[in-house]
$ cat structure.pdb   # PDB, C-alpha atoms, pLDDT in the B column
ATOM      1  CA  PHE J   1      17.519 -11.166 -44.725  1.00 53.00           C
ATOM      2  CA  SER J   2      13.939  -9.912 -45.061  1.00 57.00           C
ATOM      3  CA  VAL J   3      12.635 -13.215 -43.661  1.00 56.00           C
ATOM      4  CA  PHE J   4      14.989 -12.947 -40.665  1.00 56.00           C
ATOM      5  CA  LEU J   5      13.947  -9.316 -40.103  1.00 53.00           C
ATOM      6  CA  GLY J   6      10.286 -10.281 -40.225  1.00 55.00           C
ATOM      7  CA  MET J   7      10.859 -13.060 -37.661  1.00 51.00           C
ATOM      8  CA  ALA J   8      12.726 -10.647 -35.380  1.00 49.00           C
ATOM      9  CA  ILE J   9       9.911  -8.087 -35.567  1.00 48.00           C
ATOM     10  CA  ASP J  10       7.333 -10.792 -34.847  1.00 51.00           C
ATOM     11  CA  GLY J  11       9.384 -11.934 -31.871  1.00 46.00           C
ATOM     12  CA  VAL J  12       9.603  -8.433 -30.420  1.00 43.00           C
ATOM     13  CA  SER J  13       5.890  -7.855 -31.001  1.00 46.00           C
ATOM     14  CA  SER J  14       5.067 -11.124 -29.255  1.00 44.00           C
ATOM     15  CA  THR J  15       7.224 -10.205 -26.254  1.00 45.00           C
ATOM     16  CA  VAL J  16       5.643  -6.746 -25.976  1.00 45.00           C
ATOM     17  CA  SER J  17       2.179  -8.275 -26.225  1.00 49.00           C
ATOM     18  CA  LYS J  18       2.937 -10.824 -23.497  1.00 45.00           C
ATOM     19  CA  GLY J  19       4.354  -8.059 -21.310  1.00 51.00           C
ATOM     20  CA  LYS J  20       1.183  -5.972 -21.661  1.00 54.00           C
ATOM     21  CA  ARG J  21      -0.891  -9.022 -20.753  1.00 50.00           C
ATOM     22  CA  GLY J  22       1.229  -9.715 -17.671  1.00 62.00           C
ATOM     23  CA  MET J  23       2.556 -13.043 -18.864  1.00 59.00           C
ATOM     24  CA  LEU J  24       6.293 -12.351 -18.464  1.00 65.00           C
ATOM     25  CA  ARG J  25       8.662 -12.318 -15.509  1.00 77.00           C
ATOM     26  CA  ILE J  26       9.315  -8.654 -14.801  1.00 88.00           C
ATOM     27  CA  MET J  27      12.719  -7.065 -14.238  1.00 88.00           C
ATOM     28  CA  ALA J  28      12.464  -4.996 -11.064  1.00 90.00           C
ATOM     29  CA  LYS J  29      14.149  -4.559  -7.684  1.00 93.00           C
ATOM     30  CA  ASP J  30      13.171  -2.684  -4.527  1.00 94.00           C
ATOM     31  CA  HIS J  31       9.722  -2.193  -6.049  1.00 96.00           C
ATOM     32  CA  VAL J  32       6.204  -2.007  -4.631  1.00 97.00           C
ATOM     33  CA  LEU J  33       3.583  -4.690  -5.201  1.00 98.00           C
ATOM     34  CA  ILE J  34      -0.094  -3.809  -5.473  1.00 98.00           C
ATOM     35  CA  VAL J  35      -2.134  -6.992  -5.191  1.00 98.00           C
ATOM     36  CA  ASN J  36      -5.703  -7.234  -6.583  1.00 98.00           C
ATOM     37  CA  PHE J  37      -7.526  -4.834  -8.886  1.00 97.00           C
ATOM     38  CA  PRO J  38     -10.862  -3.681  -7.386  1.00 96.00           C
ATOM     39  CA  GLY J  39     -11.176  -0.918  -9.995  1.00 96.00           C
ATOM     40  CA  GLU J  40      -9.163   1.427 -12.197  1.00 96.00           C
ATOM     41  CA  ALA J  41      -9.885   4.585 -10.177  1.00 95.00           C
ATOM     42  CA  ARG J  42      -8.921   2.905  -6.903  1.00 95.00           C
ATOM     43  CA  VAL J  43      -5.651   1.482  -8.221  1.00 96.00           C
ATOM     44  CA  ARG J  44      -4.720   4.782  -9.897  1.00 95.00           C
ATOM     45  CA  GLN J  45      -5.279   6.572  -6.575  1.00 93.00           C
ATOM     46  CA  ILE J  46      -2.984   4.138  -4.742  1.00 95.00           C
ATOM     47  CA  VAL J  47      -0.291   4.496  -7.418  1.00 95.00           C
ATOM     48  CA  GLU J  48      -0.454   8.301  -7.235  1.00 92.00           C
ATOM     49  CA  GLU J  49      -0.331   8.329  -3.427  1.00 90.00           C
ATOM     50  CA  ILE J  50       2.683   6.000  -3.354  1.00 92.00           C
ATOM     51  CA  ARG J  51       4.526   8.032  -5.993  1.00 90.00           C
ATOM     52  CA  SER J  52       3.745  11.340  -4.223  1.00 87.00           C
ATOM     53  CA  ASP J  53       5.797  10.275  -1.201  1.00 83.00           C
ATOM     54  CA  PRO J  54       9.359  11.604  -1.711  1.00 80.00           C
ATOM     55  CA  SER J  55      10.831   8.296  -0.536  1.00 81.00           C
ATOM     56  CA  HIS J  56       8.903   6.426  -3.260  1.00 82.00           C
ATOM     57  CA  ASN J  57       9.105   8.983  -6.063  1.00 83.00           C
ATOM     58  CA  GLY J  58       9.733   7.108  -9.318  1.00 85.00           C
ATOM     59  CA  VAL J  59       9.700   3.687  -7.629  1.00 93.00           C
ATOM     60  CA  GLU J  60       8.659   0.802  -9.860  1.00 96.00           C
ATOM     61  CA  ILE J  61       5.200  -0.547  -9.069  1.00 97.00           C
ATOM     62  CA  VAL J  62       4.044  -4.027 -10.041  1.00 97.00           C
ATOM     63  CA  ILE J  63       0.321  -4.787 -10.091  1.00 97.00           C
ATOM     64  CA  VAL J  64      -0.570  -8.437  -9.456  1.00 98.00           C
ATOM     65  CA  SER J  65      -4.067  -9.602 -10.386  1.00 97.00           C
ATOM     66  CA  ASP J  66      -6.089 -12.241 -12.209  1.00 96.00           C
ATOM     67  CA  GLN J  67      -9.091  -9.896 -12.527  1.00 96.00           C
ATOM     68  CA  ILE J  68      -7.878  -8.108 -15.668  1.00 96.00           C
ATOM     69  CA  THR J  69      -6.148  -9.227 -18.853  1.00 95.00           C
ATOM     70  CA  GLU J  70      -4.024  -6.077 -19.190  1.00 94.00           C
ATOM     71  CA  LEU J  71      -3.685  -2.705 -17.491  1.00 94.00           C
ATOM     72  CA  PRO J  72      -6.355  -0.196 -18.579  1.00 94.00           C
ATOM     73  CA  PHE J  73      -3.842   2.650 -18.280  1.00 92.00           C
ATOM     74  CA  VAL J  74      -0.244   3.436 -19.171  1.00 91.00           C
ATOM     75  CA  ILE J  75       1.857   4.936 -16.359  1.00 92.00           C
ATOM     76  CA  GLU J  76       5.638   5.015 -16.443  1.00 92.00           C
ATOM     77  CA  ASN J  77       7.279   2.228 -14.417  1.00 93.00           C
ATOM     78  CA  VAL J  78       3.940   0.610 -13.548  1.00 95.00           C
ATOM     79  CA  LEU J  79       4.117  -3.040 -14.607  1.00 96.00           C
ATOM     80  CA  PHE J  80       1.606  -5.892 -14.625  1.00 97.00           C
ATOM     81  CA  VAL J  81       1.813  -9.561 -13.691  1.00 97.00           C
ATOM     82  CA  ARG J  82      -1.290 -11.599 -14.414  1.00 96.00           C
ATOM     83  CA  GLY J  83      -1.933 -14.565 -12.152  1.00 96.00           C
ATOM     84  CA  SER J  84      -3.626 -15.786  -9.011  1.00 97.00           C
ATOM     85  CA  PRO J  85      -2.666 -13.809  -5.868  1.00 97.00           C
ATOM     86  CA  HIS J  86      -2.614 -17.182  -4.091  1.00 97.00           C
ATOM     87  CA  ASP J  87      -0.082 -18.814  -6.417  1.00 97.00           C
ATOM     88  CA  PRO J  88       3.611 -18.544  -5.425  1.00 97.00           C
ATOM     89  CA  ASP J  89       4.555 -18.758  -9.122  1.00 96.00           C
ATOM     90  CA  THR J  90       2.741 -15.450  -9.703  1.00 97.00           C
ATOM     91  CA  TYR J  91       4.964 -13.757  -7.129  1.00 97.00           C
ATOM     92  CA  GLY J  92       7.979 -15.419  -8.691  1.00 96.00           C
ATOM     93  CA  ARG J  93       7.204 -13.564 -11.950  1.00 96.00           C
ATOM     94  CA  ALA J  94       6.599 -10.394  -9.898  1.00 96.00           C
ATOM     95  CA  VAL J  95      10.009 -10.889  -8.170  1.00 96.00           C
ATOM     96  CA  ALA J  96       8.327 -10.470  -4.764  1.00 96.00           C
ATOM     97  CA  LYS J  97      11.501 -11.548  -2.966  1.00 95.00           C
ATOM     98  CA  ASP J  98      13.153  -8.295  -4.110  1.00 96.00           C
ATOM     99  CA  ALA J  99      10.175  -5.993  -3.390  1.00 97.00           C
ATOM    100  CA  ARG J 100      10.322  -3.367  -0.627  1.00 95.00           C
ATOM    101  CA  MET J 101       6.629  -3.613   0.254  1.00 96.00           C
ATOM    102  CA  ALA J 102       3.278  -5.055  -0.750  1.00 98.00           C
ATOM    103  CA  VAL J 103      -0.136  -3.378  -0.629  1.00 98.00           C
ATOM    104  CA  VAL J 104      -2.925  -5.961  -0.652  1.00 98.00           C
ATOM    105  CA  LEU J 105      -6.238  -4.412  -1.694  1.00 97.00           C
ATOM    106  CA  SER J 106      -9.684  -5.899  -1.298  1.00 96.00           C
ATOM    107  CA  ARG J 107     -10.603  -7.884  -4.380  1.00 95.00           C
ATOM    108  CA  ASP J 108     -14.213  -6.670  -4.574  1.00 94.00           C
ATOM    109  CA  TYR J 109     -15.815  -4.078  -2.283  1.00 93.00           C
ATOM    110  CA  SER J 110     -19.228  -5.712  -2.694  1.00 92.00           C
ATOM    111  CA  ASP J 111     -18.017  -9.212  -1.775  1.00 93.00           C
ATOM    112  CA  PRO J 112     -18.053 -10.080   1.967  1.00 88.00           C
ATOM    113  CA  ASN J 113     -15.468 -12.812   1.286  1.00 94.00           C
ATOM    114  CA  SER J 114     -12.885 -10.295   0.037  1.00 96.00           C
ATOM    115  CA  ASP J 115     -11.138 -10.116   3.420  1.00 96.00           C
ATOM    116  CA  ALA J 116     -10.512 -13.877   3.438  1.00 96.00           C
ATOM    117  CA  VAL J 117      -9.145 -13.663  -0.112  1.00 96.00           C
ATOM    118  CA  ALA J 118      -6.853 -10.742   0.823  1.00 97.00           C
ATOM    119  CA  ALA J 119      -5.619 -12.478   3.999  1.00 97.00           C
ATOM    120  CA  ALA J 120      -4.744 -15.586   1.967  1.00 97.00           C
ATOM    121  CA  ALA J 121      -2.691 -13.410  -0.404  1.00 98.00           C
ATOM    122  CA  VAL J 122      -0.877 -11.869   2.584  1.00 97.00           C
ATOM    123  CA  SER J 123      -0.032 -15.372   3.817  1.00 97.00           C
ATOM    124  CA  VAL J 124       1.477 -16.375   0.464  1.00 97.00           C
ATOM    125  CA  ILE J 125       3.581 -13.188   0.201  1.00 97.00           C
ATOM    126  CA  ALA J 126       4.844 -13.554   3.783  1.00 96.00           C
ATOM    127  CA  SER J 127       5.878 -17.156   3.092  1.00 95.00           C
ATOM    128  CA  ILE J 128       8.008 -16.001   0.139  1.00 93.00           C
ATOM    129  CA  GLU J 129       9.887 -13.135   1.787  1.00 88.00           C
ATOM    130  CA  ASP J 130      10.266 -12.439   5.536  1.00 88.00           C
ATOM    131  CA  GLU J 131      11.494  -8.860   5.160  1.00 91.00           C
ATOM    132  CA  ILE J 132       8.833  -7.422   2.859  1.00 96.00           C
ATOM    133  CA  HIS J 133       6.545  -4.881   4.566  1.00 96.00           C
ATOM    134  CA  ILE J 134       2.908  -5.900   4.013  1.00 97.00           C
ATOM    135  CA  VAL J 135      -0.068  -3.551   4.315  1.00 97.00           C
ATOM    136  CA  ALA J 136      -3.558  -4.977   3.802  1.00 97.00           C
ATOM    137  CA  GLU J 137      -6.983  -3.459   3.276  1.00 96.00           C
ATOM    138  CA  CYS J 138      -9.754  -4.864   5.482  1.00 96.00           C
ATOM    139  CA  LEU J 139     -13.425  -4.258   4.685  1.00 94.00           C
ATOM    140  CA  ASP J 140     -15.002  -5.562   7.892  1.00 93.00           C
ATOM    141  CA  ASP J 141     -13.415  -4.865  11.290  1.00 91.00           C
ATOM    142  CA  SER J 142     -14.726  -8.191  12.567  1.00 93.00           C
ATOM    143  CA  HIS J 143     -12.373  -9.866  10.063  1.00 95.00           C
ATOM    144  CA  ARG J 144      -9.179  -8.277  11.407  1.00 93.00           C
ATOM    145  CA  SER J 145      -8.303 -11.574  13.105  1.00 94.00           C
ATOM    146  CA  LEU J 146      -7.864 -13.091   9.635  1.00 95.00           C
ATOM    147  CA  PHE J 147      -4.922 -10.755   9.045  1.00 95.00           C
ATOM    148  CA  ARG J 148      -3.524 -11.072  12.567  1.00 91.00           C
ATOM    149  CA  SER J 149      -3.242 -14.835  12.057  1.00 91.00           C
ATOM    150  CA  VAL J 150      -0.755 -14.213   9.223  1.00 93.00           C
ATOM    151  CA  ARG J 151       2.275 -11.899   9.099  1.00 92.00           C
ATOM    152  CA  CYS J 152       0.598  -8.612   8.191  1.00 95.00           C
ATOM    153  CA  ASP J 153       2.490  -5.480   9.280  1.00 94.00           C
ATOM    154  CA  ALA J 154      -0.483  -3.113   9.049  1.00 94.00           C
ATOM    155  CA  ILE J 155      -4.244  -3.445   8.573  1.00 94.00           C
ATOM    156  CA  VAL J 156      -6.212  -0.508   7.156  1.00 94.00           C
ATOM    157  CA  SER J 157      -9.980  -0.475   7.621  1.00 90.00           C
ATOM    158  CA  GLY J 158     -10.968   1.996   4.931  1.00 81.00           C
ATOM    159  CA  PHE J 159     -14.744   1.825   5.318  1.00 79.00           C
ATOM    160  CA  SER J 160     -14.533   2.107   9.098  1.00 82.00           C
ATOM    161  CA  ILE J 161     -12.336   5.221   8.813  1.00 82.00           C
ATOM    162  CA  ALA J 162     -14.703   6.727   6.235  1.00 80.00           C
ATOM    163  CA  GLY J 163     -17.675   6.107   8.522  1.00 83.00           C
ATOM    164  CA  ASN J 164     -15.888   7.752  11.435  1.00 82.00           C
ATOM    165  CA  LEU J 165     -15.103  10.797   9.297  1.00 83.00           C
ATOM    166  CA  LEU J 166     -18.683  11.165   8.126  1.00 84.00           C
ATOM    167  CA  ALA J 167     -19.912  11.203  11.729  1.00 88.00           C
ATOM    168  CA  GLN J 168     -17.162  13.609  12.821  1.00 86.00           C
ATOM    169  CA  GLU J 169     -17.941  15.978   9.953  1.00 86.00           C
ATOM    170  CA  ILE J 170     -21.584  16.203  11.046  1.00 86.00           C
ATOM    171  CA  HIS J 171     -20.560  17.324  14.538  1.00 84.00           C
ATOM    172  CA  ASP J 172     -17.503  19.360  13.572  1.00 88.00           C
ATOM    173  CA  PRO J 173     -17.548  20.697   9.977  1.00 89.00           C
ATOM    174  CA  GLY J 174     -14.077  20.967   8.444  1.00 88.00           C
ATOM    175  CA  ILE J 175     -12.629  17.835  10.058  1.00 84.00           C
ATOM    176  CA  SER J 176     -12.814  15.775   6.848  1.00 85.00           C
ATOM    177  CA  GLN J 177     -10.959  18.450   4.866  1.00 85.00           C
ATOM    178  CA  MET J 178      -8.157  18.487   7.433  1.00 82.00           C
ATOM    179  CA  ILE J 179      -7.895  14.674   7.558  1.00 80.00           C
ATOM    180  CA  GLU J 180      -7.879  14.430   3.755  1.00 81.00           C
ATOM    181  CA  MET J 181      -5.005  16.908   3.602  1.00 81.00           C
ATOM    182  CA  LEU J 182      -3.057  15.181   6.380  1.00 80.00           C
ATOM    183  CA  THR J 183      -3.386  11.713   4.901  1.00 80.00           C
ATOM    184  CA  SER J 184      -2.685  12.528   1.245  1.00 81.00           C
ATOM    185  CA  ASN J 185       0.860  12.611  -0.097  1.00 78.00           C
ATOM    186  CA  ARG J 186      -0.420  14.534  -3.119  1.00 73.00           C
ATOM    187  CA  THR J 187      -0.747  17.689  -1.006  1.00 69.00           C
ATOM    188  CA  GLY J 188       2.757  17.227   0.415  1.00 63.00           C
ATOM    189  CA  ALA J 189       4.145  14.809   2.974  1.00 59.00           C
ATOM    190  CA  THR J 190       2.616  15.791   6.308  1.00 74.00           C
ATOM    191  CA  LEU J 191       2.626  12.719   8.556  1.00 80.00           C
ATOM    192  CA  TYR J 192       5.772  11.092   9.892  1.00 80.00           C
ATOM    193  CA  SER J 193       6.572   8.498  12.526  1.00 84.00           C
ATOM    194  CA  THR J 194       9.796   7.874  14.401  1.00 84.00           C
ATOM    195  CA  GLN J 195      11.066   5.347  16.901  1.00 84.00           C
ATOM    196  CA  VAL J 196      11.682   6.548  20.454  1.00 82.00           C
ATOM    197  CA  ALA J 197      14.916   5.329  22.031  1.00 80.00           C
ATOM    198  CA  ALA J 198      14.401   2.601  24.628  1.00 74.00           C
ATOM    199  CA  ASP J 199      16.368   4.559  27.261  1.00 74.00           C
ATOM    200  CA  ALA J 200      14.457   7.833  26.703  1.00 75.00           C
ATOM    201  CA  ASN J 201      13.008   9.403  29.848  1.00 78.00           C
ATOM    202  CA  ASP J 202      11.258  12.553  28.639  1.00 79.00           C
ATOM    203  CA  SER J 203       7.839  14.012  29.237  1.00 85.00           C
ATOM    204  CA  TYR J 204       5.914  13.869  25.962  1.00 85.00           C
ATOM    205  CA  SER J 205       4.084  17.098  26.781  1.00 86.00           C
ATOM    206  CA  GLU J 206       7.437  18.891  27.129  1.00 85.00           C
ATOM    207  CA  LEU J 207       8.715  17.222  23.977  1.00 85.00           C
ATOM    208  CA  ALA J 208       5.584  18.386  22.121  1.00 86.00           C
ATOM    209  CA  LYS J 209       6.296  21.988  23.177  1.00 87.00           C
ATOM    210  CA  ARG J 210       9.895  21.782  21.939  1.00 87.00           C
ATOM    211  CA  LEU J 211       8.820  20.277  18.617  1.00 87.00           C
ATOM    212  CA  LEU J 212       6.263  23.040  18.152  1.00 87.00           C
ATOM    213  CA  ASP J 213       9.108  25.576  18.188  1.00 89.00           C
ATOM    214  CA  HIS J 214      10.328  23.827  15.015  1.00 87.00           C
ATOM    215  CA  GLY J 215       6.907  23.809  13.345  1.00 86.00           C
ATOM    216  CA  VAL J 216       6.197  20.163  14.204  1.00 87.00           C
ATOM    217  CA  ASN J 217       3.001  18.979  15.894  1.00 86.00           C
ATOM    218  CA  LEU J 218       3.178  15.815  18.003  1.00 87.00           C
ATOM    219  CA  ILE J 219      -0.165  14.117  17.345  1.00 84.00           C
ATOM    220  CA  ALA J 220       0.040  10.782  19.130  1.00 87.00           C
ATOM    221  CA  VAL J 221       2.256   8.188  20.753  1.00 88.00           C
ATOM    222  CA  ASN J 222       1.856   4.585  19.604  1.00 87.00           C
ATOM    223  CA  ARG J 223       2.312   1.939  22.282  1.00 84.00           C
ATOM    224  CA  GLY J 224       1.609  -1.551  21.064  1.00 80.00           C
ATOM    225  CA  SER J 225      -1.916  -1.579  19.658  1.00 77.00           C
ATOM    226  CA  GLU J 226      -2.816   1.748  21.312  1.00 83.00           C
ATOM    227  CA  SER J 227      -2.439   5.287  19.956  1.00 86.00           C
ATOM    228  CA  LEU J 228      -2.315   7.737  22.863  1.00 86.00           C
ATOM    229  CA  THR J 229      -3.387  11.288  21.988  1.00 85.00           C
ATOM    230  CA  SER J 230      -3.449  12.746  25.504  1.00 84.00           C
ATOM    231  CA  LEU J 231       0.160  13.656  26.282  1.00 82.00           C
ATOM    232  CA  VAL J 232      -0.406  15.017  29.814  1.00 81.00           C
ATOM    233  CA  ASP J 233       1.723  13.077  32.326  1.00 77.00           C
ATOM    234  CA  LEU J 234       2.810  10.690  29.565  1.00 78.00           C
ATOM    235  CA  GLN J 235       6.441   9.638  29.875  1.00 79.00           C
ATOM    236  CA  ALA J 236       8.721   8.039  27.307  1.00 70.00           C
TER
END

$ encode --input "structure.pdb" --output "structure tokens"
Amino acid sequence: FSVFLGMAIDGVSSTVSKGKRGMLRIMAKDHVLIVNFPGEARVRQIVEEIRSDPSHNGVEIVIVSDQITELPFVIENVLFVRGSPHDPDTYGRAVAKDARMAVVLSRDYSDPNSDAVAAAAVSVIASIEDEIHIVAECLDDSHRSLFRSVRCDAIVSGFSIAGNLLAQEIHDPGISQMIEMLTSNRTGATLYSTQVAADANDSYSELAKRLLDHGVNLIAVNRGSESLTSLVDLQA
């Protein structure tokens, strides 16, 4: 009996160890994938922002990377799958086909080839599951075409946005504080988007006035690749 018990304990220990090192197929559904691990602080920030959104509160998050051997932190319902972000088998262990979305981070902020690496990961994920919503980080705006050539739902140019904010803050102090508050879920959900009905025929300036009566500010109207912030004479 003692021999059997010892074998059972060893088996459990081995499974736990493999799980920590990202070697097992995870058990998750409707989860969020975070692909690549540019640094602990960056990944922690993304996890906290995702979890701070009420619609993602408590959602399971699976980190996919071959840059680390195990997670350097312990956060509830944050799992790890170790493997190449370009290998379909890695996403098989991460159960990507059942994920609700994927966030593809830059692999290394000092490497100019990171955008090509991230775009390749986007391509692999898109080939596995058509419905998964994919958001990718792009370091260099001139590389955005890499992501447009694959099925990427949104491209975020972090360094470009940061540069814009720095310049705006010089001319108009206080802008960066406002933008930080608006874009962080940790201070409360503040930004929302909604689809406008195809048969709508309203003036957006009038709609903005009506929304203001309910404490809602209409910031912009997205049309294709354009975000229109001037609502005067703009019709739905």

$ closest_residue --input "structure.pdb" --among "J:Lys209, J:His214, J:Arg25, J:Arg223" --to "J:Gly83" --atoms "all atoms listed in the file"
J:Arg25

$ resolve_selection --input "structure.pdb" --expression "the PyMOL selection byres ((chain J and resi 140) around 9)" --output "PyMOL selection string"
chain J and resi 112+115+138-139+141-144+157+159-160

$ atom_distance --input "structure.pdb" --atom1 "atom CA of J:Tyr91" --atom2 "atom CA of J:Arg51"
21.8 Å

$ residues_around --input "structure.pdb" --residues "stretch 182-184 of chain J" --least-positions-apart "6" --cutoff "9 Å" --atoms "only C-alpha atoms" --output "list in words"
Glu49, Ser52, Thr190 and Leu191 of chain J

$ closest_residue --input "structure.pdb" --among "J:Phe147, J:Ala220, J:Arg42, J:Asp213" --to "J:Asp108" --atoms "only C-alpha atoms"
J:Arg42

$ resolve_selection --input "structure.pdb" --expression "the PyMOL selection byres ((chain J and resi 204) around 9)" --output "ChimeraX atom specification"
/J:202-203,205-209,218,221,231-236

$ write_last_selection --input "structure.pdb" --atoms "C-alpha atoms" --output "PDB file, keeping the file's coordinate frame"
ATOM      1  CA  ASP J 202      11.258  12.553  28.639  1.00 79.00           C
ATOM      2  CA  SER J 203       7.839  14.012  29.237  1.00 85.00           C
ATOM      3  CA  SER J 205       4.084  17.098  26.781  1.00 86.00           C
ATOM      4  CA  GLU J 206       7.437  18.891  27.129  1.00 85.00           C
ATOM      5  CA  LEU J 207       8.715  17.222  23.977  1.00 85.00           C
ATOM      6  CA  ALA J 208       5.584  18.386  22.121  1.00 86.00           C
ATOM      7  CA  LYS J 209       6.296  21.988  23.177  1.00 87.00           C
ATOM      8  CA  LEU J 218       3.178  15.815  18.003  1.00 87.00           C
ATOM      9  CA  VAL J 221       2.256   8.188  20.753  1.00 88.00           C
ATOM     10  CA  LEU J 231       0.160  13.656  26.282  1.00 82.00           C
ATOM     11  CA  VAL J 232      -0.406  15.017  29.814  1.00 81.00           C
ATOM     12  CA  ASP J 233       1.723  13.077  32.326  1.00 77.00           C
ATOM     13  CA  LEU J 234       2.810  10.690  29.565  1.00 78.00           C
ATOM     14  CA  GLN J 235       6.441   9.638  29.875  1.00 79.00           C
ATOM     15  CA  ALA J 236       8.721   8.039  27.307  1.00 70.00           C
TER      16      ALA J 236
END

$ residues_around --input "structure.pdb" --residues "J:Ile132" --least-positions-apart "5" --cutoff "9 Å" --atoms "all atoms listed in the file" --output "list in words"
Ala96, Lys97, Asp98, Ala99, Arg100, Met101, Ala102, Ile125 and Ala126 of chain J

$ write_last_selection --input "structure.pdb" --atoms "C-alpha atoms" --output "PDB file, in the coordinates of the input"
ATOM      1  CA  ALA J  96       8.327 -10.470  -4.764  1.00 96.00           C
ATOM      2  CA  LYS J  97      11.501 -11.548  -2.966  1.00 95.00           C
ATOM      3  CA  ASP J  98      13.153  -8.295  -4.110  1.00 96.00           C
ATOM      4  CA  ALA J  99      10.175  -5.993  -3.390  1.00 97.00           C
ATOM      5  CA  ARG J 100      10.322  -3.367  -0.627  1.00 95.00           C
ATOM      6  CA  MET J 101       6.629  -3.613   0.254  1.00 96.00           C
ATOM      7  CA  ALA J 102       3.278  -5.055  -0.750  1.00 98.00           C
ATOM      8  CA  ILE J 125       3.581 -13.188   0.201  1.00 97.00           C
ATOM      9  CA  ALA J 126       4.844 -13.554   3.783  1.00 96.00           C
TER      10      ALA J 126
END

$ resolve_selection --input "structure.pdb" --expression "the PyMOL selection byres ((chain J and resi 35) around 8)" --output "CSV table (one decimal) with C-alpha atoms, in the frame of the given file"
chain,number,residue,atom,x,y,z
J,33,LEU,CA,3.6,-4.7,-5.2
J,34,ILE,CA,-0.1,-3.8,-5.5
J,36,ASN,CA,-5.7,-7.2,-6.6
J,37,PHE,CA,-7.5,-4.8,-8.9
J,63,ILE,CA,0.3,-4.8,-10.1
J,64,VAL,CA,-0.6,-8.4,-9.5
J,65,SER,CA,-4.1,-9.6,-10.4
J,85,PRO,CA,-2.7,-13.8,-5.9
J,102,ALA,CA,3.3,-5.1,-0.8
J,103,VAL,CA,-0.1,-3.4,-0.6
J,104,VAL,CA,-2.9,-6.0,-0.7
J,105,LEU,CA,-6.2,-4.4,-1.7

$ atom_distance --input "structure.pdb" --atom1 "atom CA of J:Ser84" --atom2 "atom CA of J:His31"
19.3 Å

$ atom_distance --input "structure.pdb" --atom1 "atom CA of J:Asp130" --atom2 "atom CA of J:Cys152"
10.7 Å

$ closest_residue --input "structure.pdb" --among "J:Leu165, J:Asn222, J:Ile50, J:Ile170" --to "J:Thr194" --atoms "all atoms listed in the file"
J:Asn222
